[in-house]
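Below is the file query_1.txt, which contains compact mmCIF, C-alpha atoms.
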```
# COMPACT_ATOMS: atom_id res chain seq x y z
CA MET G 1 140.60 152.12 144.25
CA SER G 2 140.89 150.94 140.66
CA THR G 3 140.79 147.21 140.06
CA LEU G 4 143.05 147.63 137.06
CA HIS G 5 146.79 147.08 136.79
CA VAL G 6 148.11 149.68 134.33
CA GLU G 7 151.71 150.24 133.20
CA ALA G 8 152.46 153.72 131.85
CA THR G 9 155.46 154.77 129.78
CA GLY G 10 156.43 157.45 127.30
CA HIS G 11 155.36 161.03 126.74
CA GLY G 12 152.70 162.55 124.53
CA PRO G 13 148.99 162.10 123.88
CA PRO G 14 147.45 159.26 125.92
CA LEU G 15 147.10 155.88 124.22
CA VAL G 16 145.44 152.91 125.97
CA LEU G 17 146.29 149.34 124.89
CA LEU G 18 143.62 146.65 125.39
CA HIS G 19 144.63 143.01 124.99
CA GLY G 20 142.55 139.96 124.14
CA TRP G 21 141.16 136.91 125.89
CA ALA G 22 143.35 134.96 128.35
CA MET G 23 146.37 137.24 127.88
CA HIS G 24 147.70 140.34 129.67
CA ALA G 25 149.46 143.59 128.77
CA GLY G 26 152.78 141.80 128.35
CA ILE G 27 151.47 140.52 125.01
CA TRP G 28 152.33 143.89 123.43
CA GLY G 29 156.04 143.27 123.95
CA PRO G 30 158.32 145.47 121.80
CA LEU G 31 155.35 147.42 120.43
CA VAL G 32 155.14 149.44 123.67
CA PRO G 33 158.56 151.16 123.44
CA ARG G 34 157.94 151.93 119.78
CA LEU G 35 154.62 153.59 120.56
CA ALA G 36 156.05 155.33 123.63
CA ARG G 37 158.32 157.46 121.45
CA ARG G 38 155.34 159.67 120.62
CA HIS G 39 152.62 158.70 123.13
CA ARG G 40 152.00 158.26 126.81
CA VAL G 41 151.20 154.55 126.59
CA TYR G 42 148.96 152.86 129.13
CA ALA G 43 149.13 149.06 128.85
CA VAL G 44 146.18 147.60 130.75
CA ASP G 45 145.68 144.15 132.26
CA LEU G 46 141.96 143.52 131.76
CA PRO G 47 139.96 142.51 134.87
CA GLY G 48 140.78 138.99 136.02
CA HIS G 49 143.81 138.88 133.71
CA GLY G 50 147.45 139.48 134.58
CA ARG G 51 147.72 141.54 137.76
CA SER G 52 144.24 143.09 137.64
CA ALA G 53 141.56 142.12 140.12
CA GLU G 54 138.32 140.48 139.05
CA LEU G 55 135.04 142.29 138.57
CA PRO G 56 131.82 140.87 140.01
CA ARG G 57 131.14 139.83 136.42
CA PHE G 58 133.15 140.25 133.23
CA THR G 59 130.97 141.89 130.59
CA LEU G 60 131.82 144.48 127.95
CA ASP G 61 129.81 147.15 129.74
CA ALA G 62 131.33 146.39 133.16
CA VAL G 63 134.88 146.46 131.80
CA VAL G 64 134.28 149.67 129.84
CA GLU G 65 132.83 151.33 132.94
CA THR G 66 135.98 150.37 134.86
CA LEU G 67 138.25 151.64 132.08
CA ALA G 68 136.36 154.91 131.77
CA ALA G 69 136.66 155.53 135.51
CA ARG G 70 140.39 154.78 135.49
CA PHE G 71 141.12 157.24 132.66
CA ALA G 72 138.56 159.91 133.48
CA ASP G 73 141.18 162.44 134.54
CA THR G 74 143.51 162.46 131.53
CA ALA G 75 144.09 165.99 130.26
CA GLN G 76 143.38 164.95 126.67
CA PRO G 77 140.98 162.42 125.13
CA VAL G 78 142.49 158.94 125.03
CA SER G 79 143.17 157.04 121.84
CA LEU G 80 142.62 153.29 121.93
CA LEU G 81 144.46 150.35 120.42
CA GLY G 82 142.44 147.18 120.98
CA TRP G 83 143.35 143.69 119.88
CA SER G 84 140.75 140.93 119.41
CA LEU G 85 138.36 141.10 122.40
CA GLY G 86 140.16 144.31 123.34
CA GLY G 87 138.97 145.73 120.03
CA GLN G 88 135.37 145.03 120.93
CA LEU G 89 135.96 146.81 124.23
CA ALA G 90 137.43 149.76 122.30
CA ILE G 91 134.32 149.95 120.11
CA ARG G 92 132.02 149.92 123.13
CA TRP G 93 134.16 152.50 124.96
CA ALA G 94 134.21 154.79 121.90
CA LEU G 95 130.42 154.59 121.74
CA SER G 96 129.91 155.26 125.43
CA GLU G 97 132.31 158.22 125.70
CA PRO G 98 132.52 159.99 122.33
CA GLN G 99 134.02 163.12 123.92
CA ARG G 100 136.67 161.21 125.91
CA VAL G 101 137.83 158.75 123.24
CA GLY G 102 139.81 160.05 120.28
CA ARG G 103 141.19 157.77 117.58
CA VAL G 104 140.51 154.03 117.62
CA ALA G 105 142.82 151.35 116.18
CA LEU G 106 141.20 147.91 115.99
CA VAL G 107 143.56 144.99 115.48
CA CYS G 108 142.19 141.61 114.42
CA THR G 109 138.79 142.71 115.64
CA THR G 110 135.39 141.60 114.47
CA PRO G 111 131.95 142.84 115.45
CA ARG G 112 130.88 139.21 115.91
CA PHE G 113 133.21 136.28 116.58
CA VAL G 114 130.73 133.51 115.71
CA ALA G 115 128.92 132.77 112.48
CA ALA G 116 125.17 133.23 111.96
CA ALA G 117 122.76 132.86 109.08
CA ASP G 118 123.39 136.50 108.18
CA TRP G 119 127.06 136.53 109.17
CA PRO G 120 129.33 134.14 107.25
CA HIS G 121 132.58 135.91 108.21
CA ALA G 122 133.36 133.88 111.34
CA ALA G 123 134.01 130.46 112.81
CA SER G 124 131.08 128.37 113.98
CA GLU G 125 129.67 128.96 117.44
CA GLN G 126 130.55 125.36 118.29
CA THR G 127 134.23 125.99 117.53
CA ILE G 128 134.45 128.91 119.98
CA ALA G 129 132.05 127.51 122.58
CA ARG G 130 134.07 124.28 122.75
CA PHE G 131 136.79 126.20 124.56
CA GLY G 132 134.27 126.91 127.33
CA ASP G 133 133.57 123.22 127.76
CA GLU G 134 137.27 122.43 127.84
CA LEU G 135 138.04 125.24 130.31
CA ARG G 136 136.13 123.39 133.00
CA VAL G 137 138.19 120.25 132.46
CA ALA G 138 141.73 121.38 131.64
CA TRP G 139 141.97 125.13 131.54
CA THR G 140 145.76 125.42 131.04
CA MET G 141 145.72 123.10 128.04
CA THR G 142 142.68 124.93 126.67
CA VAL G 143 144.38 128.33 126.80
CA ARG G 144 147.50 126.92 125.19
CA ARG G 145 145.42 125.43 122.39
CA PHE G 146 143.70 128.78 121.93
CA LEU G 147 147.13 130.36 121.44
CA SER G 148 147.94 127.79 118.77
CA LEU G 149 144.69 128.59 116.97
CA GLN G 150 145.65 132.27 116.92
CA MET G 151 148.76 131.48 114.88
CA HIS G 152 147.26 128.81 112.63
CA GLY G 153 148.49 129.21 109.07
CA ALA G 154 150.57 132.32 109.72
CA GLU G 155 154.04 133.07 108.50
CA HIS G 156 156.65 132.91 111.29
CA ALA G 157 154.12 130.96 113.36
CA ARG G 158 156.57 128.78 115.29
CA ALA G 159 158.73 131.62 116.62
CA THR G 160 155.75 133.80 117.49
CA LEU G 161 153.95 130.95 119.25
CA ALA G 162 157.03 130.15 121.32
CA ALA G 163 157.22 133.75 122.51
CA LEU G 164 153.50 133.70 123.31
CA ARG G 165 153.71 130.56 125.40
CA GLU G 166 156.64 131.98 127.35
CA GLU G 167 154.66 135.13 128.11
CA LEU G 168 151.33 133.43 128.90
CA PHE G 169 151.72 132.94 132.66
CA ALA G 170 154.41 135.57 133.25
CA ARG G 171 151.95 137.52 135.42
CA GLY G 172 150.43 134.57 137.20
CA GLU G 173 147.34 132.60 136.35
CA PRO G 174 144.26 134.45 135.11
CA SER G 175 140.97 134.05 136.94
CA ARG G 176 139.18 130.99 135.62
CA ARG G 177 135.84 132.66 136.26
CA ALA G 178 136.92 135.76 134.34
CA LEU G 179 138.12 133.56 131.47
CA ALA G 180 134.77 131.76 131.32
CA GLU G 181 132.76 134.99 131.47
CA ALA G 182 134.97 136.72 128.90
CA LEU G 183 134.61 133.72 126.60
CA GLU G 184 130.84 133.91 127.03
CA ALA G 185 131.06 137.54 125.94
CA ILE G 186 133.04 136.50 122.86
CA VAL G 187 130.36 133.98 121.90
CA THR G 188 127.39 136.29 122.50
CA ASN G 189 128.56 139.81 121.55
CA ASP G 190 127.22 141.25 118.31
CA LEU G 191 128.36 144.81 117.60
CA ARG G 192 127.35 144.96 113.95
CA GLU G 193 124.51 147.41 114.43
CA ALA G 194 126.31 149.48 117.05
CA ALA G 195 129.50 149.90 114.99
CA GLY G 196 127.91 152.51 112.74
CA GLY G 197 127.71 154.84 115.73
CA VAL G 198 131.49 155.08 116.20
CA ALA G 199 132.13 158.63 115.02
CA GLN G 200 135.86 158.70 115.79
CA PRO G 201 138.55 158.09 113.15
CA ALA G 202 139.08 154.33 113.12
CA LEU G 203 141.67 151.99 111.61
CA VAL G 204 140.97 148.27 111.23
CA VAL G 205 144.05 146.06 110.81
CA SER G 206 143.53 142.41 109.87
CA GLY G 207 145.78 139.43 109.23
CA SER G 208 145.07 137.79 105.88
CA ARG G 209 145.29 134.32 107.49
CA ASP G 210 143.38 135.05 110.70
CA THR G 211 140.99 132.20 111.56
CA LEU G 212 139.51 133.90 114.66
CA ALA G 213 138.73 137.42 113.43
CA TRP G 214 138.42 136.82 109.72
CA PRO G 215 139.81 139.50 107.39
CA GLU G 216 136.41 139.61 105.66
CA ALA G 217 134.94 140.65 109.01
CA GLY G 218 137.57 143.35 109.40
CA ARG G 219 136.85 144.71 105.93
CA TRP G 220 133.11 144.70 106.69
CA LEU G 221 133.70 146.48 109.99
CA ALA G 222 135.83 149.21 108.40
CA SER G 223 133.14 149.80 105.78
CA ARG G 224 130.51 150.38 108.49
CA LEU G 225 132.59 152.74 110.61
CA PRO G 226 131.85 156.31 109.45
CA GLN G 227 135.56 157.20 109.44
CA GLY G 228 136.91 153.67 109.04
CA ARG G 229 139.96 152.54 107.08
CA PHE G 230 140.97 148.94 106.42
CA VAL G 231 144.56 147.65 106.24
CA PRO G 232 145.22 143.93 105.65
CA ILE G 233 148.60 142.41 106.52
CA ASP G 234 149.43 139.60 104.13
CA GLY G 235 150.69 136.39 105.71
CA ALA G 236 149.68 137.35 109.25
CA ALA G 237 147.17 135.52 111.44
CA HIS G 238 145.74 136.83 114.73
CA LEU G 239 148.88 138.55 116.06
CA PRO G 240 150.32 140.79 113.33
CA PHE G 241 151.98 143.15 115.82
CA LEU G 242 154.21 140.23 116.87
CA SER G 243 154.57 138.13 113.74
CA HIS G 244 154.84 141.03 111.26
CA ALA G 245 156.02 143.90 113.43
CA ASP G 246 157.47 146.05 110.63
CA ARG G 247 154.36 145.75 108.48
CA PHE G 248 152.18 146.46 111.50
CA ASP G 249 154.16 149.62 112.26
CA GLU G 250 153.63 150.73 108.67
CA ALA G 251 149.90 150.06 108.98
CA ILE G 252 149.42 152.25 112.04
CA GLU G 253 152.13 154.80 111.23
CA GLY G 254 150.63 158.24 111.22
CA PHE G 255 147.12 157.12 112.13
CA LEU G 256 147.56 157.47 115.89
CA ASP G 257 149.30 160.80 115.34
CA GLY G 258 146.29 162.16 113.50
CA ARG G 259 147.62 161.83 109.98
```
Go ahead and express the file in the form of structure tokens.
Amino acid sequence: MSTLHVEATGHGPPLVLLHGWAMHAGIWGPLVPRLARRHRVYAVDLPGHGRSAELPRFTLDAVVETLAARFADTAQPVSLLGWSLGGQLAIRWALSEPQRVGRVALVCTTPRFVAAADWPHAASEQTIARFGDELRVAWTMTVRRFLSLQMHGAEHARATLAALREELFARGEPSRRALAEALEAIVTNDLREAAGGVAQPALVVSGSRDTLAWPEAGRWLASRLPQGRFVPIDGAAHLPFLSHADRFDEAIEGFLDGR
């Protein structure tokens, strides 16, 4: 039996939505019915998030293996739309199953979330790792603060953040162990070298004010993807599909349909 909770709607080529850390598939909100006009949309709760069961350990490889097994029987290759950590999962899935994964849309995704001597396009490791320390003390407050960071500096931040907070625990509390392990993955993952192996058509969408997945990182990622395209959304932070829905629709319009 699959450990994943998946909600399917619409008709057309299969499209899998992968959310980010500490959230669940409800984050996609009104984007799902818009996509479902032309696609069979599968909105996934990642392991240990929402209504999905935990894995023995949350790692990119373990999650991708679970996703691949769940969607192994689709009649057509699946396209992926991954946001934040979900974008890193989409990259790894595209690499592991090049014949089963079609087009890949990466939203506010970076190959590496933390800065390094050769990677200036990210926040410091201390900034991200601090959330791990705080999780052990006051996990609810930590997740709420993480939501605030995602909207820092964005246009329409207050309204978007209010909707996020309302949605946060709508599917129950996420597994604290899964949160800690997924955060460890965020701190340690480095997909810069691997990204060049993604042969599928890829679209990278970034918010110009994103302080978690910097737009410079998105531009770099698109330049390394063999069939990559980069689309910035001015005024958006880490959630452009909520804060700038019309501009986001314009950014992905046609791409997922093969145009």
Residue contacts of Gly20 in chain G (7 Å, all atoms listed in the file) excluding same-chain residues fewer than 3 positions away, as a list in words: Met23, Trp83, Ser84, Leu85 and Gly86 of chain G
Which residues are near Glu54 in chain G? Cut-off 8 Å, all atoms listed in the file, ignore same chain within fewer than 5 positions. Put them as a VMD selection string. chain G and resid 3 47 to 49 175 178
Store the residues of this selection in a file with C-alpha atoms, as a compact mmCIF listing (two decimals), in the frame of the given file.
```txt
# COMPACT_ATOMS: atom_id res chain seq x y z
CA THR G 3 140.79 147.21 140.06
CA PRO G 47 139.96 142.51 134.87
CA GLY G 48 140.78 138.99 136.02
CA HIS G 49 143.81 138.88 133.71
CA SER G 175 140.97 134.05 136.94
CA ALA G 178 136.92 135.76 134.34
```
For Gly29 in chain G, please output as a VMD selection string all residues within 8 Å (counting all atoms listed in the file; exclusion window: fewer than 3 positions along the same chain). chain G and resid 26 32 242
Dump of C-alpha atoms for the selected residues, as a PDB file, in the frame of the given file:
```
ATOM      1  CA  GLY G  26     152.780 141.800 128.350  1.00  0.00           C
ATOM      2  CA  VAL G  32     155.140 149.440 123.670  1.00  0.00           C
ATOM      3  CA  LEU G 242     154.210 140.230 116.870  1.00  0.00           C
TER       4      LEU G 242
END
```
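Taking CA of Phe255 in chain G and CA of Arg103 in chain G as the two end points, the separation is 8.1 Å.
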With only C-alpha atoms as the basis for distance, which of G:Pro56, G:Trp21, G:Arg40, G:Val101 is at the shortest distance from Ile186 in chain G? G:Trp21
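Counting only C-alpha atoms, Asp73 in chain G has the following residues at most 12 Å away, ignoring those fewer than 6 positions along the same chain: Pro14, Leu67 and Arg100 of chain G.
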Output for the residues just chosen: C-alpha atoms as a PDB file, in the coordinates of the input:
```pdb
ATOM      1  CA  PRO G  14     147.450 159.260 125.920  1.00  0.00           C
ATOM      2  CA  LEU G  67     138.250 151.640 132.080  1.00  0.00           C
ATOM      3  CA  ARG G 100     136.670 161.210 125.910  1.00  0.00           C
TER       4      ARG G 100
END
```
G:Arg70, G:His238, G:His24, G:His39: which is nearest Gly207 in chain G, counting all atoms listed in the file? G:His238
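As for CA of Arg112 in chain G and CA of Pro232 in chain G, they are spaced 18.3 Å apart.
Interatomic distance, CA of Arg247 in chain G against CA of Arg38 in chain G: 18.5 Å.
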Applying 7 Å and all atoms listed in the file, which residues near Glu7 in chain G remain after dropping the ones on its own chain fewer than 4 positions away? List them as an NGL selection string. :G and (42-44)
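Nearest residue to Pro240 in chain G, choosing from G:Ala69, G:Val198, G:Leu35, G:Val205 and counting all atoms listed in the file: G:Val205.
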